[in-house]
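The next block holds one structure in the form of structure tokens; read it before the comments.
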Amino acid sequence: MTFVSRGEELLKRTRKGDLHWKQVSFNINSNWQVVLKMKSKHVGGTFTKTKKCVVNGVCRDIPEWAHRGRAEKMVERRAYFGVKTVERVIEFECGNKREKQMWIEGIQQLLNSLEIGSSVHWKH
């Protein structure tokens, strides 16, 4: 879980299909919601714009993006996952399946901890 809270740089696909590198992390906010935080990187290497979205779920089965992974012959294939928000599914690319699994498990743990916490909270 600390892995997703600390964050890492991932490739994000926009709605138009463009690819952008983002510093991505997930945390629980004061309203007890899982929040995705994406920081854009400026040309000089400094982080500029930050965007936050409330996360409702994780998508494991994101198909390979067109023109990615096939042109390069790599030992391990890139892997893809998505994050469900109210508006849409935001897609990310990982270096391999192991990284993808770490992201999915970490995000799911955050989501599950809220479900467990809310059920305990309501019982009191």
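Every chain in the structure tokens has a letter given in the order shown (A, B, ...), and although residue numbers restart at 1 in each chain, ligands are simply numbered from 1 in the order shown.
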Please provide the set of residues having any atom within 7 Å of Asn56 in chain A, restricted to only C-alpha atoms, with same-chain residues fewer than 2 positions apart removed, written as a CSV table (one decimal) with N, CA, C and O atoms, in the first residue's frame.
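See selection-v3.csv below for the written result:
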```
chain,number,residue,atom,x,y,z
A,54,VAL,N,-11.4,11.3,-7.6
A,54,VAL,CA,-11.9,10.3,-6.7
A,54,VAL,C,-12.0,9.0,-7.5
A,54,VAL,O,-12.5,8.9,-8.6
A,84,LYS,N,-11.1,3.6,-12.4
A,84,LYS,CA,-12.5,4.1,-12.6
A,84,LYS,C,-12.7,5.3,-11.8
A,84,LYS,O,-12.5,5.3,-10.6
A,85,THR,N,-13.2,6.4,-12.4
A,85,THR,CA,-13.6,7.6,-11.7
A,85,THR,C,-15.1,7.8,-12.1
A,85,THR,O,-15.6,7.1,-12.9
```
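The two atoms in question, CA of Glu87 in chain A and CA of His42 in chain A, are spaced 25.8 Å apart.
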ask   = Residues at most 12 Å from Glu9 in chain A, counting only C-alpha atoms, excluding those fewer than 5 positions away in the same chain, as a list in words?
value =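 After dropping sequence-adjacent residues, the list is Phe3, Val4, His20, Trp21, Lys22, Gln23, Val24, Ser25, Lys37, Met38, Lys39, Ser40, Lys41, Phe47, Phe92, Glu93, Cys94, Gly95, Glu99 and Trp103 of chain A.
The coordinates place CA of Arg88 in chain A at 17.4 Å from CA of Leu111 in chain A.
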key: Shell around Arg98 in chain A at 10 Å using only C-alpha atoms, local window under 4 positions removed, as JSON, numbers by chain   = {"A": [76, 78, 79, 94, 102, 103, 104]}
Export, as a tab-separated table (two decimals), in the first residue's frame, the selected residues with all heavy atoms.
```tsv
chain	number	residue	atom	x	y	z
A	76	GLU	N	10.28	-8.36	-21.35
A	76	GLU	CA	8.98	-8.31	-20.68
A	76	GLU	C	8.10	-7.31	-21.40
A	76	GLU	O	8.55	-6.23	-21.74
A	76	GLU	CB	9.14	-7.88	-19.22
A	76	GLU	CG	9.77	-8.94	-18.35
A	76	GLU	CD	9.66	-8.54	-16.89
A	76	GLU	OE1	8.62	-8.79	-16.29
A	76	GLU	OE2	10.64	-7.98	-16.39
A	78	ARG	N	5.06	-4.58	-21.83
A	78	ARG	CA	4.42	-3.55	-21.02
A	78	ARG	C	3.05	-4.06	-20.60
A	78	ARG	O	2.46	-4.90	-21.26
A	78	ARG	CB	4.26	-2.27	-21.83
A	78	ARG	CG	5.58	-1.63	-22.16
A	78	ARG	CD	5.33	-0.34	-22.90
A	78	ARG	NE	6.57	0.33	-23.19
A	78	ARG	CZ	7.09	0.43	-24.39
A	78	ARG	NH1	6.49	-0.10	-25.43
A	78	ARG	NH2	8.22	1.06	-24.58
A	79	ALA	N	2.53	-3.50	-19.51
A	79	ALA	CA	1.23	-3.91	-19.01
A	79	ALA	C	0.38	-2.66	-18.76
A	79	ALA	O	0.92	-1.58	-18.51
A	79	ALA	CB	1.39	-4.72	-17.73
A	94	CYS	N	2.38	0.38	-17.44
A	94	CYS	CA	3.46	-0.04	-16.53
A	94	CYS	C	4.55	-0.72	-17.34
A	94	CYS	O	4.31	-1.16	-18.47
A	94	CYS	CB	2.95	-1.07	-15.53
A	94	CYS	SG	1.70	-0.45	-14.44
A	102	MET	N	1.29	-4.88	-8.74
A	102	MET	CA	1.55	-4.08	-7.54
A	102	MET	C	0.62	-2.88	-7.46
A	102	MET	O	0.07	-2.57	-6.40
A	102	MET	CB	3.02	-3.63	-7.51
A	102	MET	CG	3.99	-4.75	-7.18
A	102	MET	SD	5.73	-4.28	-7.33
A	102	MET	CE	5.85	-2.90	-6.22
A	103	TRP	N	0.44	-2.18	-8.59
A	103	TRP	CA	-0.46	-1.03	-8.61
A	103	TRP	C	-1.90	-1.46	-8.32
A	103	TRP	O	-2.57	-0.86	-7.48
A	103	TRP	CB	-0.41	-0.33	-9.97
A	103	TRP	CG	0.76	0.58	-10.12
A	103	TRP	CD1	1.92	0.33	-10.80
A	103	TRP	CD2	0.92	1.88	-9.55
A	103	TRP	NE1	2.78	1.40	-10.70
A	103	TRP	CE2	2.18	2.37	-9.95
A	103	TRP	CE3	0.11	2.69	-8.76
A	103	TRP	CZ2	2.65	3.63	-9.57
A	103	TRP	CZ3	0.58	3.94	-8.38
A	103	TRP	CH2	1.83	4.40	-8.78
A	104	ILE	N	-2.36	-2.50	-9.01
A	104	ILE	CA	-3.75	-2.94	-8.85
A	104	ILE	C	-4.01	-3.38	-7.41
A	104	ILE	O	-5.01	-2.99	-6.80
A	104	ILE	CB	-4.09	-4.07	-9.84
A	104	ILE	CG1	-4.16	-3.49	-11.26
A	104	ILE	CG2	-5.39	-4.77	-9.48
A	104	ILE	CD1	-4.29	-4.52	-12.35
```
message = I'd like the neighbourhood of Leu110 in chain A as a list in words, where a residue qualifies if any of its atoms comes within 8 Å (using only C-alpha atoms), though same-chain residues fewer than 4 positions away should be ignored.
response =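 The residues satisfying every condition are Met1, Asn27, Ile28, Val34, Gly106 and Leu114 of chain A.
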inquiry  = What parts of chain A does DSSP call strand (DSSP E or B)? I'd like the answer as JSON, numbers by chain.
reply    = {"A": [8, 9, 10, 11, 12, 13, 19, 20, 21, 22, 23, 24, 25, 26, 27, 28, 34, 35, 36, 37, 38, 39, 40, 41, 47, 48, 49, 50, 51, 52, 53, 54, 57, 58, 59, 79, 80, 81, 82, 83, 84, 89, 90, 91, 92, 93, 94]}
task = Enter the distance from CA of Trp32 in chain A to CA of Asn112 in chain A, in Å, rounded to one decimal.
result =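 We find that CA of Trp32 in chain A and CA of Asn112 in chain A lie 11.7 Å from each other.
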query = Could you write out, as a ChimeraX atom specification, all the residues of chain A that DSSP marks as helix (DSSP H, G or I)?
reply = /A:2-6,97-123
key: Among the residues A:Asp61, A:Glu105, A:Glu91, A:Gly82, the one that comes closest to Gly17 in chain A [using only C-alpha atoms]   =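 Of the candidates, the smallest distance to Gly17 in chain A is held by A:Glu91.
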key: Selected residue of minimal separation from Arg13 in chain A among A:Val86, A:Lys100, A:Lys52, A:Ala66, counting only C-alpha atoms   = A:Ala66
